file coords_19.cif (mmCIF, C-alpha atoms)
data_target
loop_
_atom_site.label_atom_id
_atom_site.label_comp_id
_atom_site.auth_asym_id
_atom_site.auth_seq_id
_atom_site.Cartn_x
_atom_site.Cartn_y
_atom_site.Cartn_z
CA MET F 1 54.29 188.02 89.53
CA SER F 2 57.63 186.58 90.68
CA LEU F 3 58.56 182.91 90.38
CA LYS F 4 58.77 182.65 94.17
CA THR F 5 55.21 183.95 94.64
CA ILE F 6 53.85 181.61 91.97
CA THR F 7 55.67 178.66 93.55
CA LEU F 8 54.25 179.51 96.99
CA ILE F 9 50.70 179.72 95.62
CA ASN F 10 51.18 176.44 93.76
CA TRP F 11 52.41 174.59 96.84
CA SER F 12 49.54 175.99 98.92
CA LEU F 13 46.97 174.84 96.37
CA LEU F 14 48.65 171.43 96.02
CA VAL F 15 48.49 170.92 99.79
CA ILE F 16 44.80 171.93 99.83
CA TYR F 17 43.92 169.56 96.97
CA GLY F 18 45.93 166.78 98.63
CA LEU F 19 44.08 167.26 101.92
CA VAL F 20 40.69 167.29 100.16
CA LEU F 21 41.46 164.02 98.35
CA THR F 22 42.83 162.39 101.51
CA ILE F 23 39.80 163.37 103.61
CA SER F 24 37.52 162.10 100.83
CA VAL F 25 39.26 158.72 100.90
CA LEU F 26 39.09 158.47 104.70
CA THR F 27 35.38 159.36 104.85
CA LEU F 28 34.27 157.35 101.82
CA LYS F 29 32.89 154.45 103.87
CA GLN F 30 30.83 156.84 105.98
CA SER F 31 29.31 158.56 102.93
CA GLY F 32 26.15 156.42 103.00
CA THR F 33 26.46 155.36 99.36
CA ASP F 34 26.14 151.74 98.26
CA ALA F 35 29.01 149.51 97.11
CA ALA F 36 28.62 150.50 93.46
CA GLY F 37 28.66 154.19 94.36
CA ARG F 38 31.75 153.75 96.54
CA GLY F 39 33.47 151.90 93.71
CA ILE F 40 32.87 154.75 91.27
CA ALA F 41 33.97 157.30 93.88
CA THR F 42 37.17 155.32 94.53
CA ALA F 43 37.98 155.33 90.82
CA TYR F 44 37.50 159.10 90.63
CA LEU F 45 39.68 159.64 93.71
CA PHE F 46 42.40 157.39 92.29
CA PHE F 47 42.34 159.38 89.07
CA GLY F 48 42.49 162.58 91.13
CA PHE F 49 45.63 161.43 92.94
CA ILE F 50 47.28 160.58 89.60
CA LEU F 51 46.52 164.05 88.24
CA LEU F 52 47.78 165.63 91.45
CA GLY F 53 51.01 163.65 91.16
CA VAL F 54 51.53 164.78 87.55
CA VAL F 55 50.95 168.41 88.49
CA LEU F 56 53.32 167.99 91.44
CA LEU F 57 56.10 166.72 89.16
CA ILE F 58 55.57 169.60 86.73
CA ASN F 59 55.79 172.02 89.64
CA PHE F 60 59.31 170.73 90.41
CA LEU F 61 60.54 171.85 87.00
CA PRO F 62 62.67 175.02 87.36
CA PHE F 63 60.91 176.91 84.57
CA TYR F 64 58.70 179.97 84.80
CA PHE F 65 56.24 178.74 82.15
CA SER F 66 55.88 175.34 83.90
CA ARG F 67 54.99 177.03 87.20
CA ILE F 68 52.45 179.24 85.37
CA ALA F 69 50.96 176.13 83.74
CA VAL F 70 50.64 174.47 87.16
CA LEU F 71 48.96 177.58 88.59
CA ILE F 72 46.44 177.61 85.74
CA LEU F 73 45.75 173.88 86.15
CA LEU F 74 45.19 174.32 89.88
CA ILE F 75 42.97 177.40 89.55
CA LEU F 76 40.76 176.04 86.75
CA PRO F 77 38.85 173.54 88.98
CA ALA F 78 38.15 176.33 91.47
CA PHE F 79 36.70 178.54 88.72
CA GLY F 80 34.78 175.55 87.39
CA GLY F 81 33.36 174.86 90.84
CA VAL F 82 32.30 178.47 91.29
CA GLY F 83 30.71 178.43 87.83
CA THR F 84 28.85 175.21 88.62
CA LEU F 85 27.67 176.63 91.94
CA ILE F 86 26.36 179.79 90.26
CA SER F 87 24.66 177.72 87.55
CA GLN F 88 23.01 175.47 90.16
CA LEU F 89 21.86 178.52 92.12
CA ILE F 90 20.29 180.10 89.02
CA THR F 91 18.63 176.80 88.05
CA SER F 92 17.31 176.32 91.58
CA GLN F 93 15.86 179.83 91.70
CA LYS F 94 14.20 179.36 88.30
CA SER F 95 12.82 176.00 89.39
CA GLN F 96 11.37 177.53 92.56
CA LYS F 97 9.89 180.41 90.56
CA ASP F 98 8.32 178.01 88.06
CA GLN F 99 6.96 175.85 90.87
CA MET F 100 5.34 178.85 92.53
CA GLY F 101 4.12 179.98 89.12
CA ARG F 102 2.36 176.66 88.61
CA ILE F 103 0.61 177.16 91.93
CA ASP F 104 -0.56 180.75 91.36
CA GLY F 105 -0.94 180.48 87.58
CA SER F 106 1.73 182.96 86.51
CA PHE F 107 3.75 180.15 84.91
CA TYR F 108 0.92 179.22 82.57
CA PHE F 109 -0.43 182.63 81.59
CA HIS F 110 1.61 185.63 80.46
CA ASP F 111 -1.14 188.18 79.79
CA THR F 112 -2.44 190.40 82.59
CA GLU F 113 -6.11 189.38 82.27
CA ARG F 114 -5.55 185.66 82.74
CA GLN F 115 -2.88 186.16 85.40
CA GLN F 116 -5.33 188.21 87.47
CA ILE F 117 -8.07 185.61 87.05
CA ALA F 118 -5.68 182.80 88.01
CA GLN F 119 -4.53 184.80 91.04
CA ALA F 120 -8.13 185.29 92.18
CA ILE F 121 -8.73 181.54 91.87
CA TYR F 122 -5.51 180.76 93.74
CA GLU F 123 -6.49 183.15 96.55
CA ARG F 124 -10.09 181.81 96.57
CA ASP F 125 -11.36 185.36 96.04
CA LYS F 126 -14.75 184.71 94.47
CA SER F 127 -15.95 188.31 94.43
CA ARG F 128 -12.78 189.46 92.66
CA LEU F 129 -13.15 186.64 90.13
CA GLN F 130 -16.73 187.72 89.45
CA ALA F 131 -15.58 191.30 88.88
CA LEU F 132 -12.79 190.21 86.54
CA LEU F 133 -15.13 188.00 84.53
CA GLU F 134 -17.49 190.92 83.98
CA GLN F 135 -14.81 192.31 81.68
CA PRO F 136 -13.99 190.82 78.24
CA VAL F 137 -11.59 187.87 78.45
CA PRO F 138 -10.64 187.19 74.81
CA LYS F 139 -8.17 184.43 75.73
CA LEU F 140 -10.51 182.60 78.09
CA ASN F 141 -10.19 179.30 76.21
CA GLU F 142 -6.71 179.76 74.81
CA SER F 143 -3.99 177.42 76.03
CA GLY F 144 -1.13 178.77 78.08
CA GLU F 145 2.08 176.93 78.90
CA ASP F 146 1.73 173.12 78.86
CA HIS F 147 -1.56 173.63 76.95
CA VAL F 148 -3.34 174.61 80.19
CA THR F 149 -6.46 176.80 80.13
CA LEU F 150 -7.99 178.81 82.97
CA LEU F 151 -10.62 176.10 83.50
CA ASP F 152 -7.84 173.50 83.69
CA PHE F 153 -5.94 175.60 86.20
CA ALA F 154 -8.96 176.02 88.48
CA THR F 155 -9.76 172.31 88.25
CA VAL F 156 -6.23 171.24 89.15
CA GLN F 157 -6.25 173.75 92.02
CA GLY F 158 -9.24 171.95 93.48
CA VAL F 159 -7.70 168.49 93.19
CA LEU F 160 -4.34 169.63 94.61
CA ALA F 161 -6.10 171.26 97.56
CA GLY F 162 -7.74 167.94 98.40
CA ASN F 163 -11.14 169.64 98.43
CA PRO F 164 -12.25 169.96 94.80
CA GLU F 165 -15.85 170.80 95.71
CA GLU F 166 -14.53 174.09 97.13
CA LEU F 167 -13.60 175.14 93.59
CA LEU F 168 -16.93 174.24 91.97
CA PRO F 169 -18.36 177.79 92.33
CA TYR F 170 -15.23 179.13 90.57
CA LEU F 171 -15.58 176.56 87.79
CA GLU F 172 -19.23 177.52 87.48
CA LEU F 173 -18.31 181.19 87.03
CA LEU F 174 -15.73 180.33 84.37
CA MET F 175 -18.14 178.13 82.44
CA ASN F 176 -20.90 180.72 82.66
CA LYS F 177 -18.44 183.14 81.08
CA GLY F 178 -17.86 180.68 78.23
CA ALA F 179 -14.98 178.48 79.37
CA THR F 180 -15.10 175.08 77.67
CA ILE F 181 -13.95 171.63 78.72
CA GLU F 182 -12.45 170.96 75.29
CA THR F 183 -10.76 173.50 73.02
CA ALA F 184 -9.45 173.84 69.48
CA ASP F 185 -5.93 173.04 70.70
CA THR F 186 -5.24 169.46 69.57
CA LEU F 187 -2.69 168.97 72.37
CA HIS F 188 -5.03 170.25 75.06
CA VAL F 189 -6.19 167.57 77.49
CA PRO F 190 -9.97 167.77 78.12
CA THR F 191 -10.33 169.31 81.56
CA HIS F 192 -12.02 166.33 83.23
CA ALA F 193 -9.47 163.96 81.65
CA LEU F 194 -6.68 166.03 83.20
CA VAL F 195 -7.73 164.99 86.72
CA ILE F 196 -9.72 161.83 86.00
CA ARG F 197 -7.43 159.61 88.08
CA GLU F 198 -7.08 161.83 91.15
CA CYS F 199 -10.49 163.51 91.37
CA SER F 200 -13.45 162.30 93.41
CA ILE F 201 -16.59 160.77 91.93
CA GLY F 202 -18.51 163.95 92.81
CA PHE F 203 -16.07 166.10 90.86
CA LEU F 204 -16.26 163.83 87.79
CA GLU F 205 -20.04 163.67 87.97
CA TRP F 206 -20.20 167.47 88.00
CA PHE F 207 -18.19 167.64 84.78
CA LEU F 208 -20.27 164.94 83.09
CA GLN F 209 -23.44 166.80 83.97
CA LYS F 210 -21.87 169.88 82.37
CA GLY F 211 -21.50 167.97 79.11
CA ALA F 212 -18.00 166.51 79.46
CA ASN F 213 -17.38 163.75 76.93
CA PRO F 214 -17.42 160.32 78.67
CA ASN F 215 -15.41 158.94 75.72
CA ALA F 216 -12.76 161.68 75.86
CA LYS F 217 -9.19 160.67 75.07
CA HIS F 218 -6.01 161.78 76.80
CA PRO F 219 -3.50 163.03 74.17
CA LYS F 220 -0.63 162.83 76.66
CA ARG F 221 -1.43 159.23 77.60
CA GLU F 222 -1.19 157.63 74.19
CA ASN F 223 -4.59 159.05 73.23
CA ALA F 224 -6.34 156.34 75.25
CA ALA F 225 -9.93 156.71 76.43
CA ILE F 226 -10.31 158.05 79.97
CA LEU F 227 -12.10 154.84 80.94
CA PHE F 228 -8.69 153.11 81.00
CA ALA F 229 -7.23 155.83 83.23
CA ILE F 230 -10.01 155.22 85.74
CA MET F 231 -9.36 151.47 85.88
CA ASP F 232 -5.67 152.14 86.50
CA CYS F 233 -6.35 154.13 89.70
CA PRO F 234 -8.16 152.92 92.86
CA ILE F 235 -9.70 156.30 93.81
CA ASP F 236 -13.50 155.84 93.49
CA ARG F 237 -12.75 153.48 90.60
CA LEU F 238 -16.02 151.55 90.40
CA GLU F 239 -18.16 154.63 91.02
CA LYS F 240 -16.34 156.59 88.31
CA LEU F 241 -16.67 153.72 85.84
CA LYS F 242 -20.36 153.47 86.63
CA SER F 243 -20.78 157.22 86.10
CA LEU F 244 -18.96 157.18 82.75
CA LEU F 245 -21.06 154.27 81.49
CA LYS F 246 -24.24 155.97 82.68
CA HIS F 247 -23.34 159.04 80.64
CA GLY F 248 -22.63 157.04 77.50
CA ALA F 249 -19.05 155.77 77.66
CA ASP F 250 -18.35 152.99 75.16
CA PRO F 251 -17.99 149.69 77.10
CA ASN F 252 -16.19 148.15 74.11
CA VAL F 253 -13.56 150.86 73.69
CA ILE F 254 -10.13 149.57 72.60
CA TYR F 255 -6.78 150.83 73.84
CA PRO F 256 -4.80 152.24 70.86
CA ALA F 257 -3.19 149.29 69.09
CA LYS F 258 0.09 151.11 68.39
CA ALA F 259 0.55 152.36 71.95
CA SER F 260 3.67 151.39 73.92
CA SER F 261 1.65 150.31 76.97
CA TRP F 262 0.96 146.63 77.65
CA LEU F 263 -2.70 147.60 77.30
CA ALA F 264 -2.28 148.18 73.56
CA GLY F 265 -5.06 146.45 71.63
CA HIS F 266 -7.01 145.45 74.75
CA SER F 267 -10.73 146.07 75.07
CA ALA F 268 -11.90 147.68 78.30
CA LEU F 269 -13.30 144.32 79.44
CA LEU F 270 -10.11 142.40 78.70
CA ALA F 271 -7.99 145.12 80.34
CA ALA F 272 -10.13 144.97 83.50
CA ALA F 273 -9.78 141.18 83.56
CA ARG F 274 -6.00 141.31 83.22
CA MET F 275 -5.92 143.77 86.15
CA ASP F 276 -8.11 141.39 88.22
CA LEU F 277 -10.84 144.04 88.44
CA TRP F 278 -13.69 141.55 88.55
CA ASP F 279 -16.27 144.04 89.84
CA SER F 280 -15.39 146.30 86.90
CA CYS F 281 -15.79 143.34 84.53
CA ILE F 282 -19.29 142.71 85.90
CA LEU F 283 -20.20 146.37 85.45
CA LEU F 284 -18.87 146.48 81.89
CA LEU F 285 -20.76 143.30 80.95
CA GLU F 286 -23.97 144.69 82.44
CA ASN F 287 -23.53 147.76 80.25
CA GLY F 288 -23.01 145.94 76.97
CA ALA F 289 -19.34 144.95 76.89
CA GLU F 290 -18.78 142.22 74.30
CA PRO F 291 -16.76 139.29 75.76
CA ALA F 292 -15.97 137.91 72.29
CA VAL F 293 -13.77 140.88 71.32
CA GLU F 294 -10.31 139.54 70.52
CA GLY F 295 -7.26 141.09 72.16
CA PRO F 296 -3.51 140.84 71.52
CA GLN F 297 -2.25 137.37 70.55
CA HIS F 298 -5.88 136.33 69.92
CA LEU F 299 -6.68 136.49 73.64
CA ILE F 300 -10.40 136.13 74.40
CA PHE F 301 -12.09 137.18 77.65
CA GLN F 302 -13.69 133.77 78.30
CA GLU F 303 -10.37 131.98 77.80
CA PHE F 304 -8.62 134.33 80.21
CA ILE F 305 -11.34 133.84 82.82
CA HIS F 306 -11.01 130.05 82.45
CA ARG F 307 -7.24 130.25 83.05
CA ARG F 308 -7.75 132.54 86.05
CA ALA F 309 -10.28 130.14 87.54
CA GLU F 310 -7.74 127.32 87.31
CA ILE F 311 -5.14 129.45 89.09
CA TYR F 312 -7.58 130.36 91.88
CA ASP F 313 -8.55 126.68 92.26
CA ALA F 314 -4.88 125.70 92.53
CA GLU F 315 -4.31 128.40 95.16
CA GLY F 316 -7.42 127.35 97.06
CA SER F 317 -8.68 130.93 97.34
CA THR F 318 -11.17 132.61 95.01
CA PRO F 319 -12.23 136.27 95.44
CA ASP F 320 -15.95 136.78 95.97
CA THR F 321 -16.10 139.23 93.07
CA PHE F 322 -14.65 136.58 90.74
CA THR F 323 -17.24 134.06 91.92
CA THR F 324 -19.99 136.61 91.24
CA LEU F 325 -18.56 137.21 87.77
CA ILE F 326 -18.55 133.47 86.97
CA LYS F 327 -22.17 133.18 88.08
CA SER F 328 -23.18 136.13 85.91
CA LEU F 329 -21.49 134.55 82.88
CA LYS F 330 -23.47 131.32 83.36
CA LYS F 331 -26.83 133.08 83.25
#
call {"tool": "encode", "arguments": {"input": "coords_19.cif", "output": "structure tokens"}}
result
Amino acid sequence: MSLKTITLINWSLLVIYGLVLTISVLTLKQSGTDAAGRGIATAYLFFGFILLGVVLLINFLPFYFSRIAVLILLILPAFGGVGTLISQLITSQKSQKDQMGRIDGSFYFHDTERQQIAQAIYERDKSRLQALLEQPVPKLNESGEDHVTLLDFATVQGVLAGNPEELLPYLELLMNKGATIETADTLHVPTHALVIRECSIGFLEWFLQKGANPNAKHPKRENAAILFAIMDCPIDRLEKLKSLLKHGADPNVIYPAKASSWLAGHSALLAAARMDLWDSCILLLENGAEPAVEGPQHLIFQEFIHRRAEIYDAEGSTPDTFTTLIKSLKK
């Protein structure tokens, strides 16, 4: 390649880069970013102009190797941009594939038997599921990706669809085949615990009637009892708490002391009080919760209630549920 050709290419690329930087500066205020973002962008553009100026000066040198160096410096960002674009495209395609795989089950299960069962559940094909379950399914309770089992997959399908009761016949078929709510996998989340926050009271009650452990712990949520997960979510909260207690949940369960959550070391009763869940406090007390259990920094339930009462009095507004709780404590 002649020096003249290289020089022409260099000048063309320099003009293009200069135009790109200039347009970027002129349109920066219309970019929609905040002041901090514009400040960072301005710094990058300033640095870009400096680099462009250095390359421009090198391009004026009357040496073949200097023009080649400039050409390489100007082409490298283009190759880098193409490489980044290809990488982003591949990542996006993989992400979309994984997302679809989570929906139809192919992401979680890599063997044909479980993939077919998951597909039948995804397509709501009950007759096909029945036919598939008539055959041996040796990995029925084995965890797939993310420690998800077939029963977990079907359960999550129901919750995601917004109509979990629609999936109950499919769950029934799986459990009749031998699917279990808990498995030997220590990192597996008990199936009902997996959806305890989002599911309806009817869905939870179905699992409890099937023998689900009301004191189950969630290994991915600091190994805390599911009772705490219920209190942290408003969906059918009181009804779920009542159902758990009816099936034997421990009303005096303690949040793991070494957990990173602010709930660490709190009893269920004290946690409910700190979340202002007075109706939950009443329910826990009615089911045997011990108000004398000491929490972090020697906090006692009665002391907390006394402080809260003072705050409500100062505000001039006391919730009815808190008034009911106070009356129940005086009995």
call {"tool": "residues_near_point", "arguments": {"input": "coords_19.cif", "point": "(-16.5, 182.0, 92.9)", "cutoff": "7 Å", "atoms": "all atoms listed in the file", "output": "list in words"}}
result
Asp125, Lys126, Ser127, Leu129, Gln130, Pro169, Tyr170 and Leu173 of chain F
call {"tool": "resolve_selection", "arguments": {"input": "coords_19.cif", "expression": "the PyMOL selection byres ((chain F and resi 172) around 12)", "output": "ChimeraX atom specification"}}
result
/F:126,129-130,133,151,154-155,165-171,173-181,206-207,210
call {"tool": "write_last_selection", "arguments": {"input": "coords_19.cif", "atoms": "C-alpha atoms", "output": "PDB file, in the frame of the given file"}}
result
ATOM      1  CA  LYS F 126     -14.750 184.710  94.470  1.00  0.00           C
ATOM      2  CA  LEU F 129     -13.150 186.640  90.130  1.00  0.00           C
ATOM      3  CA  GLN F 130     -16.730 187.720  89.450  1.00  0.00           C
ATOM      4  CA  LEU F 133     -15.130 188.000  84.530  1.00  0.00           C
ATOM      5  CA  LEU F 151     -10.620 176.100  83.500  1.00  0.00           C
ATOM      6  CA  ALA F 154      -8.960 176.020  88.480  1.00  0.00           C
ATOM      7  CA  THR F 155      -9.760 172.310  88.250  1.00  0.00           C
ATOM      8  CA  GLU F 165     -15.850 170.800  95.710  1.00  0.00           C
ATOM      9  CA  GLU F 166     -14.530 174.090  97.130  1.00  0.00           C
ATOM     10  CA  LEU F 167     -13.600 175.140  93.590  1.00  0.00           C
ATOM     11  CA  LEU F 168     -16.930 174.240  91.970  1.00  0.00           C
ATOM     12  CA  PRO F 169     -18.360 177.790  92.330  1.00  0.00           C
ATOM     13  CA  TYR F 170     -15.230 179.130  90.570  1.00  0.00           C
ATOM     14  CA  LEU F 171     -15.580 176.560  87.790  1.00  0.00           C
ATOM     15  CA  LEU F 173     -18.310 181.190  87.030  1.00  0.00           C
ATOM     16  CA  LEU F 174     -15.730 180.330  84.370  1.00  0.00           C
ATOM     17  CA  MET F 175     -18.140 178.130  82.440  1.00  0.00           C
ATOM     18  CA  ASN F 176     -20.900 180.720  82.660  1.00  0.00           C
ATOM     19  CA  LYS F 177     -18.440 183.140  81.080  1.00  0.00           C
ATOM     20  CA  GLY F 178     -17.860 180.680  78.230  1.00  0.00           C
ATOM     21  CA  ALA F 179     -14.980 178.480  79.370  1.00  0.00           C
ATOM     22  CA  THR F 180     -15.100 175.080  77.670  1.00  0.00           C
ATOM     23  CA  ILE F 181     -13.950 171.630  78.720  1.00  0.00           C
ATOM     24  CA  TRP F 206     -20.200 167.470  88.000  1.00  0.00           C
ATOM     25  CA  PHE F 207     -18.190 167.640  84.780  1.00  0.00           C
ATOM     26  CA  LYS F 210     -21.870 169.880  82.370  1.00  0.00           C
TER      27      LYS F 210
END
call {"tool": "resolve_selection", "arguments": {"input": "coords_19.cif", "expression": "the PyMOL selection byres ((chain F and resi 49) around 12)", "output": "PyMOL selection string"}}
result
chain F and resi 14+17-22+24-25+42-48+50-56
call {"tool": "write_last_selection", "arguments": {"input": "coords_19.cif", "atoms": "C-alpha atoms", "output": "CSV table (one decimal), in the frame of the given file"}}
result
chain,number,residue,atom,x,y,z
F,14,LEU,CA,48.6,171.4,96.0
F,17,TYR,CA,43.9,169.6,97.0
F,18,GLY,CA,45.9,166.8,98.6
F,19,LEU,CA,44.1,167.3,101.9
F,20,VAL,CA,40.7,167.3,100.2
F,21,LEU,CA,41.5,164.0,98.4
F,22,THR,CA,42.8,162.4,101.5
F,24,SER,CA,37.5,162.1,100.8
F,25,VAL,CA,39.3,158.7,100.9
F,42,THR,CA,37.2,155.3,94.5
F,43,ALA,CA,38.0,155.3,90.8
F,44,TYR,CA,37.5,159.1,90.6
F,45,LEU,CA,39.7,159.6,93.7
F,46,PHE,CA,42.4,157.4,92.3
F,47,PHE,CA,42.3,159.4,89.1
F,48,GLY,CA,42.5,162.6,91.1
F,50,ILE,CA,47.3,160.6,89.6
F,51,LEU,CA,46.5,164.0,88.2
F,52,LEU,CA,47.8,165.6,91.4
F,53,GLY,CA,51.0,163.6,91.2
F,54,VAL,CA,51.5,164.8,87.6
F,55,VAL,CA,51.0,168.4,88.5
F,56,LEU,CA,53.3,168.0,91.4
call {"tool": "residues_around", "arguments": {"input": "coords_19.cif", "residues": "F:Phe301", "least_positions_apart": "4", "cutoff": "10 Å", "atoms": "only C-alpha atoms", "output": "number ranges by chain"}}
result
F: 267, 269-274, 281, 290-295, 305-306
call {"tool": "write_last_selection", "arguments": {"input": "coords_19.cif", "atoms": "C-alpha atoms", "output": "tab-separated table (two decimals), in the coordinates of the input"}}
result
chain	number	residue	atom	x	y	z
F	267	SER	CA	-10.73	146.07	75.07
F	269	LEU	CA	-13.30	144.32	79.44
F	270	LEU	CA	-10.11	142.40	78.70
F	271	ALA	CA	-7.99	145.12	80.34
F	272	ALA	CA	-10.13	144.97	83.50
F	273	ALA	CA	-9.78	141.18	83.56
F	274	ARG	CA	-6.00	141.31	83.22
F	281	CYS	CA	-15.79	143.34	84.53
F	290	GLU	CA	-18.78	142.22	74.30
F	291	PRO	CA	-16.76	139.29	75.76
F	292	ALA	CA	-15.97	137.91	72.29
F	293	VAL	CA	-13.77	140.88	71.32
F	294	GLU	CA	-10.31	139.54	70.52
F	295	GLY	CA	-7.26	141.09	72.16
F	305	ILE	CA	-11.34	133.84	82.82
F	306	HIS	CA	-11.01	130.05	82.45
call {"tool": "atom_distance", "arguments": {"input": "coords_19.cif", "atom1": "atom CA of F:Leu208", "atom2": "atom CA of F:Thr324"}}
result
29.5 Å
call {"tool": "axis_aligned_box", "arguments": {"input": "coords_19.cif", "around": "stretch 11-16 of chain F", "padding_each_side": "5 Å", "output": "lines of an AutoDock Vina configuration file"}}
result
center_x = 48.6
center_y = 173.5
center_z = 97.9
size_x = 17.6
size_y = 15.1
size_z = 13.8
call {"tool": "closest_residue", "arguments": {"input": "coords_19.cif", "among": "F:Gly105, F:Pro190, F:Pro319, F:Pro219", "to": "F:Gln157", "atoms": "all atoms listed in the file"}}
result
F:Gly105
call {"tool": "residues_around", "arguments": {"input": "coords_19.cif", "residues": "F:Asp111", "least_positions_apart": "5", "cutoff": "10 Å", "atoms": "all atoms listed in the file", "output": "list in words"}}
result
Ser106, Gln116, Lys139 and Gly144 of chain F
call {"tool": "resolve_selection", "arguments": {"input": "coords_19.cif", "expression": "the PyMOL selection byres ((chain F and resi 251) around 6)", "output": "PyMOL selection string"}}
result
chain F and resi 250+252-253+284+289
call {"tool": "atom_distance", "arguments": {"input": "coords_19.cif", "atom1": "atom CA of F:Met231", "atom2": "atom CA of F:Asp279"}}
result
10.9 Å
call {"tool": "residues_around", "arguments": {"input": "coords_19.cif", "residues": "F:Asn213", "least_positions_apart": "6", "cutoff": "10 Å", "atoms": "only C-alpha atoms", "output": "VMD selection string"}}
result
chain F and resid 181 to 182 190 192 to 193 207 226 244 247 to 249
call {"tool": "closest_residue", "arguments": {"input": "coords_19.cif", "among": "F:Phe203, F:Gln135, F:Glu222, F:Ser280", "to": "F:Leu238", "atoms": "only C-alpha atoms"}}
result
F:Ser280
call {"tool": "atom_distance", "arguments": {"input": "coords_19.cif", "atom1": "atom CA of F:Ala264", "atom2": "atom CA of F:Val189"}}
result
20.2 Å
